[in-house]
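Visitor: Take a look at the following structure, please.
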Amino acid sequence: MGDHVKNLAAGTHTRGKRPSGQIRYKTALKNVIYDVLKARPGWIEAKDDAEWDFYWCEVSWIVTYFDQCYFEEHVKLCHFRNHYELTRKNLMVRNLKRQRKIVERNFGKLAAAEWDFFPTTFELPSEYHIFVEEFKRCPGAIWILKPINKSQGKGIMLFKKLRDIASYSKPDVPAKDDSKEQREKEYETVVVSRYIADPYLISGKKFDIRIYVLVTSYCPLKIWLYRSGFARFSSTHYSLDTIGDSFVHLTNVAIQKTAPDYDPEKGCKWGLQELRNYFVARHGDASAATLFQHIDLILLHSLQSVQKTMINDKHCFELYGFDIMIDQALKPWLIEVNASPSLTASSPADHSLKFGLLTDMLDIIDMEGRLVGDEIRVGGFDLMWNDGPIHSHLTRLQQALPQYATNTFLGCYDDRETQREELHRSISMGKVSARAKK
């Protein structure tokens, strides 16, 4: 640890004011985010322990150092202090279950039904005996086990028999001489969920959807939804006869790119616009619109479930990667939420998507101080919630977009470059007008 960070940890260092016209950035990653930061006009890289204004840090840095630091007003970091309330699999389910109970108590079962968008899930080993009761009530069901702190498909397994997860059935009463640390090491925490055995298939293959959501504040809650994203496909035709085959059941790119028939040129992704067009062609515009509106609700309710739990801080923002699956009844399901969605490009098209995503994100974070503050669209991002729903000003005739009550256009036409040009032009004209009035 360098002297700069030691000083921060000791609480003796404050972030200095940035030089006029320059924004000093630091990044722990050298993928697409690094490309975007390098290309941004007026931004310079802070080397080693030099002062910085913007830090794209790893979640481990936030946990270790955030509470020990003092930041100047303008400084920005890419995670909230307790981001894990939504992005750790067991905590996400706890928060969703708690919020669903609150909604049912206050508004009734019909309102609570809107929160039935995540599979039946249990945390092991702490809820093992409760899980066994549910397991016995559902003979023949398939379950999926996931470690709470791993990603890219690591440690995931499907099972139909209790003996397959016997190692997660800890004793009811731990030994008196076992420390808490010893018990945690001995019993890895995992979640087991009812497997979605009837996923919607395209060409016989399973897929899930990656959606990008930017939260700039939890108090008040302010949510931006990115229009583009992608569907990740398995490389092998779906079948329940081979529940041990990762290439059939897991859509993670890290898994699929090791498949024998994986084609790196074609990859295993569809753009979100392509996927939406497919649903419109197969099921009609109304059904597709309803499906995507239900996805909007999943995104909103998930964030609302942690709104009061999250430690809000004006220095923090979060770019989430939501993973959604759709079943054969066109019902969307929340699979998980990622605090560090992969920013490594798997193809030129993937690089273009993520480069635009991160560029537009930085426009919203607005380190340069260019925005007015009442924007409801910036590049490919639409403001969907700002302490309440944002209503769209567009009509169905404009850009051939479906007419929604709210300002969300997930999977719709994304003319982000044109929008950015118009936004920057209006900002420039506004500044000229302001100077003329002076």
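Just so we're on the same page: first chain in the structure tokens is A, next is B, and so on; residues restart at 1 for each chain, and ligands are numbered from 1 in the order they show up.
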What are the DSSP alpha helix (DSSP H) residues of segment 127-325 of chain A, as a PyMOL selection string?

Guide: chain A and resi 128-137+180-186+246-249+253-256+272-283+285-304

Visitor: Set the distance at 8 Å and use only C-alpha atoms: which residues neighbour segment 204-208 of chain A once local chain neighbours fewer than 4 positions away are removed? I'd like the list as a ChimeraX atom specification.

Guide: /A:199-200,231-238,248-249,251,323-326

Visitor: Using only C-alpha atoms, which residues sit within 7 Å of segment 339-346 of chain A once same-chain residues fewer than 5 positions away are excluded, as an MDAnalysis selection string?

Guide: chainID A and resid 31:33 83 87 319:321 351 354

Visitor: Write to file, as a PDB file, in the first residue's frame, the residues of the selection just made, with all heavy atoms.

Guide:
ATOM      1  N   ASN A  31      -9.720  -2.638 -19.165  1.00  0.00           N
ATOM      2  CA  ASN A  31     -10.533  -3.138 -20.271  1.00  0.00           C
ATOM      3  C   ASN A  31     -11.248  -1.961 -20.940  1.00  0.00           C
ATOM      4  O   ASN A  31     -10.647  -0.898 -21.121  1.00  0.00           O
ATOM      5  CB  ASN A  31     -11.503  -4.225 -19.794  1.00  0.00           C
ATOM      6  CG  ASN A  31     -12.222  -3.831 -18.510  1.00  0.00           C
ATOM      7  OD1 ASN A  31     -12.500  -2.657 -18.284  1.00  0.00           O
ATOM      8  ND2 ASN A  31     -12.538  -4.805 -17.675  1.00  0.00           N
ATOM      9  N   VAL A  32     -12.539  -2.101 -21.262  1.00  0.00           N
ATOM     10  CA  VAL A  32     -13.228  -1.045 -22.013  1.00  0.00           C
ATOM     11  C   VAL A  32     -13.324   0.251 -21.210  1.00  0.00           C
ATOM     12  O   VAL A  32     -13.237   1.340 -21.778  1.00  0.00           O
ATOM     13  CB  VAL A  32     -14.626  -1.522 -22.461  1.00  0.00           C
ATOM     14  CG1 VAL A  32     -15.332  -0.413 -23.242  1.00  0.00           C
ATOM     15  CG2 VAL A  32     -14.519  -2.770 -23.329  1.00  0.00           C
ATOM     16  N   ILE A  33     -13.477   0.168 -19.893  1.00  0.00           N
ATOM     17  CA  ILE A  33     -13.548   1.401 -19.101  1.00  0.00           C
ATOM     18  C   ILE A  33     -12.261   2.203 -19.238  1.00  0.00           C
ATOM     19  O   ILE A  33     -12.287   3.434 -19.300  1.00  0.00           O
ATOM     20  CB  ILE A  33     -13.860   1.096 -17.607  1.00  0.00           C
ATOM     21  CG1 ILE A  33     -14.005   2.392 -16.809  1.00  0.00           C
ATOM     22  CG2 ILE A  33     -12.787   0.210 -16.994  1.00  0.00           C
ATOM     23  CD1 ILE A  33     -15.102   3.305 -17.226  1.00  0.00           C
ATOM     24  N   HIS A  83     -22.945  -1.889  -1.396  1.00  0.00           N
ATOM     25  CA  HIS A  83     -23.504  -2.357  -2.672  1.00  0.00           C
ATOM     26  C   HIS A  83     -23.971  -3.808  -2.589  1.00  0.00           C
ATOM     27  O   HIS A  83     -24.889  -4.232  -3.298  1.00  0.00           O
ATOM     28  CB  HIS A  83     -22.437  -2.257  -3.754  1.00  0.00           C
ATOM     29  CG  HIS A  83     -21.208  -3.060  -3.431  1.00  0.00           C
ATOM     30  ND1 HIS A  83     -21.107  -4.383  -3.736  1.00  0.00           N
ATOM     31  CD2 HIS A  83     -20.086  -2.726  -2.755  1.00  0.00           C
ATOM     32  CE1 HIS A  83     -19.951  -4.837  -3.292  1.00  0.00           C
ATOM     33  NE2 HIS A  83     -19.311  -3.857  -2.690  1.00  0.00           N
ATOM     34  N   THR A  87     -26.277  -7.051  -4.577  1.00  0.00           N
ATOM     35  CA  THR A  87     -25.471  -7.824  -5.523  1.00  0.00           C
ATOM     36  C   THR A  87     -24.911  -9.125  -4.946  1.00  0.00           C
ATOM     37  O   THR A  87     -24.357  -9.921  -5.699  1.00  0.00           O
ATOM     38  CB  THR A  87     -24.305  -6.964  -6.040  1.00  0.00           C
ATOM     39  OG1 THR A  87     -23.510  -6.528  -4.926  1.00  0.00           O
ATOM     40  CG2 THR A  87     -24.823  -5.743  -6.778  1.00  0.00           C
ATOM     41  N   LEU A 319     -23.196   1.227 -11.519  1.00  0.00           N
ATOM     42  CA  LEU A 319     -23.666   0.685 -12.791  1.00  0.00           C
ATOM     43  C   LEU A 319     -23.922  -0.809 -12.582  1.00  0.00           C
ATOM     44  O   LEU A 319     -22.979  -1.580 -12.446  1.00  0.00           O
ATOM     45  CB  LEU A 319     -22.637   0.899 -13.904  1.00  0.00           C
ATOM     46  CG  LEU A 319     -23.029   0.351 -15.284  1.00  0.00           C
ATOM     47  CD1 LEU A 319     -24.219   1.119 -15.850  1.00  0.00           C
ATOM     48  CD2 LEU A 319     -21.851   0.417 -16.253  1.00  0.00           C
ATOM     49  N   TYR A 320     -25.189  -1.180 -12.521  1.00  0.00           N
ATOM     50  CA  TYR A 320     -25.554  -2.569 -12.254  1.00  0.00           C
ATOM     51  C   TYR A 320     -25.738  -3.338 -13.563  1.00  0.00           C
ATOM     52  O   TYR A 320     -26.198  -2.788 -14.571  1.00  0.00           O
ATOM     53  CB  TYR A 320     -26.876  -2.637 -11.492  1.00  0.00           C
ATOM     54  CG  TYR A 320     -26.833  -2.108 -10.084  1.00  0.00           C
ATOM     55  CD1 TYR A 320     -27.403  -0.869  -9.760  1.00  0.00           C
ATOM     56  CD2 TYR A 320     -26.258  -2.848  -9.057  1.00  0.00           C
ATOM     57  CE1 TYR A 320     -27.394  -0.390  -8.457  1.00  0.00           C
ATOM     58  CE2 TYR A 320     -26.234  -2.366  -7.751  1.00  0.00           C
ATOM     59  CZ  TYR A 320     -26.803  -1.144  -7.454  1.00  0.00           C
ATOM     60  OH  TYR A 320     -26.794  -0.669  -6.169  1.00  0.00           O
ATOM     61  N   GLY A 321     -25.429  -4.630 -13.494  1.00  0.00           N
ATOM     62  CA  GLY A 321     -25.765  -5.547 -14.578  1.00  0.00           C
ATOM     63  C   GLY A 321     -26.831  -6.510 -14.085  1.00  0.00           C
ATOM     64  O   GLY A 321     -26.548  -7.389 -13.271  1.00  0.00           O
ATOM     65  N   HIS A 351     -17.553  -4.571 -27.780  1.00  0.00           N
ATOM     66  CA  HIS A 351     -16.736  -3.409 -27.406  1.00  0.00           C
ATOM     67  C   HIS A 351     -17.483  -2.116 -27.718  1.00  0.00           C
ATOM     68  O   HIS A 351     -17.493  -1.173 -26.910  1.00  0.00           O
ATOM     69  CB  HIS A 351     -15.397  -3.446 -28.146  1.00  0.00           C
ATOM     70  CG  HIS A 351     -14.447  -2.366 -27.720  1.00  0.00           C
ATOM     71  ND1 HIS A 351     -14.517  -1.070 -28.200  1.00  0.00           N
ATOM     72  CD2 HIS A 351     -13.395  -2.389 -26.844  1.00  0.00           C
ATOM     73  CE1 HIS A 351     -13.560  -0.338 -27.647  1.00  0.00           C
ATOM     74  NE2 HIS A 351     -12.863  -1.113 -26.816  1.00  0.00           N
ATOM     75  N   LYS A 354     -20.283  -1.566 -25.069  1.00  0.00           N
ATOM     76  CA  LYS A 354     -19.794  -1.177 -23.749  1.00  0.00           C
ATOM     77  C   LYS A 354     -19.090   0.181 -23.788  1.00  0.00           C
ATOM     78  O   LYS A 354     -19.158   0.938 -22.814  1.00  0.00           O
ATOM     79  CB  LYS A 354     -18.864  -2.264 -23.203  1.00  0.00           C
ATOM     80  CG  LYS A 354     -19.626  -3.529 -22.861  1.00  0.00           C
ATOM     81  CD  LYS A 354     -18.745  -4.703 -22.485  1.00  0.00           C
ATOM     82  CE  LYS A 354     -19.610  -5.920 -22.144  1.00  0.00           C
ATOM     83  NZ  LYS A 354     -18.791  -7.135 -21.891  1.00  0.00           N
TER      84      LYS A 354
END

Visitor: Find, counting only C-alpha atoms, the residue in A:Gly411, A:Gly21, A:Gly155, A:Gly356 that gets nearest to Leu272 of chain A.

Guide: A:Gly411

Visitor: Residues at most 9 Å from Asn277 of chain A, counting only C-alpha atoms, excluding those fewer than 6 positions away in the same chain, as a ChimeraX atom specification?

Guide: /A:285,288,411-412

Visitor: May I ask for the distance between atom CA of Tyr168 of chain A and atom CA of Val93 of chain A, given in Å to one decimal place?

Guide: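 These atoms are spaced 18.6 Å apart.
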
Visitor: Mind checking which residues fall within 9 Å of Pro332 of chain A, counting only C-alpha atoms, ignoring those fewer than 5 positions away in the same chain, and posting them as number ranges by chain?

Guide: A: 117-118, 291-292, 294-295, 298, 324-327

Visitor: Could those selected residues go to a file with C-alpha atoms, as a compact mmCIF listing (two decimals), in the first residue's frame?

Guide:
# COMPACT_ATOMS: atom_id res chain seq x y z
CA PHE A 117 -40.38 -12.30 -9.96
CA PHE A 118 -37.60 -14.30 -8.29
CA LEU A 291 -43.03 -8.35 -21.39
CA PHE A 292 -40.57 -5.47 -21.37
CA HIS A 294 -42.73 -6.31 -16.60
CA ILE A 295 -38.94 -6.29 -16.84
CA ILE A 298 -38.42 -5.99 -11.85
CA ILE A 324 -33.14 -11.65 -16.45
CA MET A 325 -34.54 -14.94 -17.74
CA ILE A 326 -37.86 -15.44 -19.56
CA ASP A 327 -39.97 -18.59 -19.34

Visitor: Rank A:Ala349, A:Ile211, A:Met92, A:Leu77 by their smallest atom-to-atom distance to Leu303 of chain A, using only C-alpha atoms, and report the top residue only.

Guide: A:Met92

Visitor: Name all residues at most 10 Å from Lys308 of chain A (count only C-alpha atoms; drop same-chain ones fewer than 4 positions away) and give them as a list in words.

Guide: Tyr218, Cys219, Leu221, Leu303, Gln304 and Asn312 of chain A

Visitor: Could you give me, as a Markdown table, every segment 194-230 of chain A residue with an atom at most 12 Å from segment 128-147 of chain A, plus its closest atom pair and distance in Å to one decimal, counting only C-alpha atoms, rows ordered by chain then number?

Guide:
| residue | atom | partner | partner_atom | distance |
| --- | --- | --- | --- | --- |
| A:Arg194 | CA | A:Trp143 | CA | 4.7 |
| A:Tyr195 | CA | A:Trp143 | CA | 4.8 |
| A:Ile196 | CA | A:Ile142 | CA | 8.3 |
| A:Ala197 | CA | A:Ile142 | CA | 7.3 |
| A:Asp198 | CA | A:Ile142 | CA | 11.0 |

Visitor: Take the residues from that selection and write them out as an mmCIF file, in the first residue's frame, keeping all heavy atoms.

Guide:
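Written file, out08.cif:
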data_model
loop_
_atom_site.group_PDB
_atom_site.id
_atom_site.type_symbol
_atom_site.label_atom_id
_atom_site.label_comp_id
_atom_site.auth_asym_id
_atom_site.auth_seq_id
_atom_site.Cartn_x
_atom_site.Cartn_y
_atom_site.Cartn_z
ATOM 1 N N ARG A 194 -35.221 -22.801 -6.921
ATOM 2 C CA ARG A 194 -36.001 -23.654 -7.832
ATOM 3 C C ARG A 194 -35.563 -23.309 -9.254
ATOM 4 O O ARG A 194 -35.596 -22.137 -9.675
ATOM 5 C CB ARG A 194 -37.487 -23.389 -7.636
ATOM 6 C CG ARG A 194 -38.399 -24.284 -8.462
ATOM 7 C CD ARG A 194 -38.503 -25.673 -7.881
ATOM 8 N NE ARG A 194 -39.404 -26.489 -8.679
ATOM 9 C CZ ARG A 194 -40.693 -26.670 -8.385
ATOM 10 N NH1 ARG A 194 -41.205 -26.089 -7.306
ATOM 11 N NH2 ARG A 194 -41.448 -27.430 -9.168
ATOM 12 N N TYR A 195 -35.114 -24.319 -9.975
ATOM 13 C CA TYR A 195 -34.608 -24.100 -11.328
ATOM 14 C C TYR A 195 -35.757 -23.787 -12.276
ATOM 15 O O TYR A 195 -36.818 -24.425 -12.231
ATOM 16 C CB TYR A 195 -33.860 -25.343 -11.803
ATOM 17 C CG TYR A 195 -33.181 -25.198 -13.135
ATOM 18 C CD1 TYR A 195 -32.207 -24.228 -13.340
ATOM 19 C CD2 TYR A 195 -33.506 -26.037 -14.197
ATOM 20 C CE1 TYR A 195 -31.573 -24.101 -14.573
ATOM 21 C CE2 TYR A 195 -32.878 -25.925 -15.427
ATOM 22 C CZ TYR A 195 -31.919 -24.944 -15.606
ATOM 23 O OH TYR A 195 -31.287 -24.809 -16.825
ATOM 24 N N ILE A 196 -35.566 -22.785 -13.118
ATOM 25 C CA ILE A 196 -36.574 -22.442 -14.132
ATOM 26 C C ILE A 196 -36.422 -23.459 -15.255
ATOM 27 O O ILE A 196 -35.584 -23.315 -16.155
ATOM 28 C CB ILE A 196 -36.374 -21.000 -14.633
ATOM 29 C CG1 ILE A 196 -36.491 -20.021 -13.456
ATOM 30 C CG2 ILE A 196 -37.405 -20.661 -15.712
ATOM 31 C CD1 ILE A 196 -36.107 -18.606 -13.794
ATOM 32 N N ALA A 197 -37.225 -24.510 -15.165
ATOM 33 C CA ALA A 197 -37.055 -25.662 -16.049
ATOM 34 C C ALA A 197 -37.720 -25.489 -17.406
ATOM 35 O O ALA A 197 -37.516 -26.313 -18.304
ATOM 36 C CB ALA A 197 -37.592 -26.927 -15.370
ATOM 37 N N ASP A 198 -38.532 -24.423 -17.550
ATOM 38 C CA ASP A 198 -39.229 -24.195 -18.826
ATOM 39 C C ASP A 198 -38.828 -22.853 -19.422
ATOM 40 O O ASP A 198 -39.679 -21.994 -19.675
ATOM 41 C CB ASP A 198 -40.743 -24.256 -18.636
ATOM 42 C CG ASP A 198 -41.252 -23.204 -17.654
ATOM 43 O OD1 ASP A 198 -40.440 -22.691 -16.855
ATOM 44 O OD2 ASP A 198 -42.457 -22.873 -17.719
#

Visitor: Point out the residue among A:Thr290, A:Phe230, A:Leu250, A:Tyr212 with the least atom-to-atom distance to Glu274 of chain A, counting only C-alpha atoms.

Guide: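 For Glu274 of chain A, the nearest of the candidates is A:Phe230.
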
Visitor: Kindly give the distance, in Å, that separates atom CA of Trp333 of chain A and atom CA of Thr309 of chain A, rounded to a single decimal.

Guide: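 If I compute the distance from atom CA of Trp333 of chain A to atom CA of Thr309 of chain A, I get 22.9 Å.
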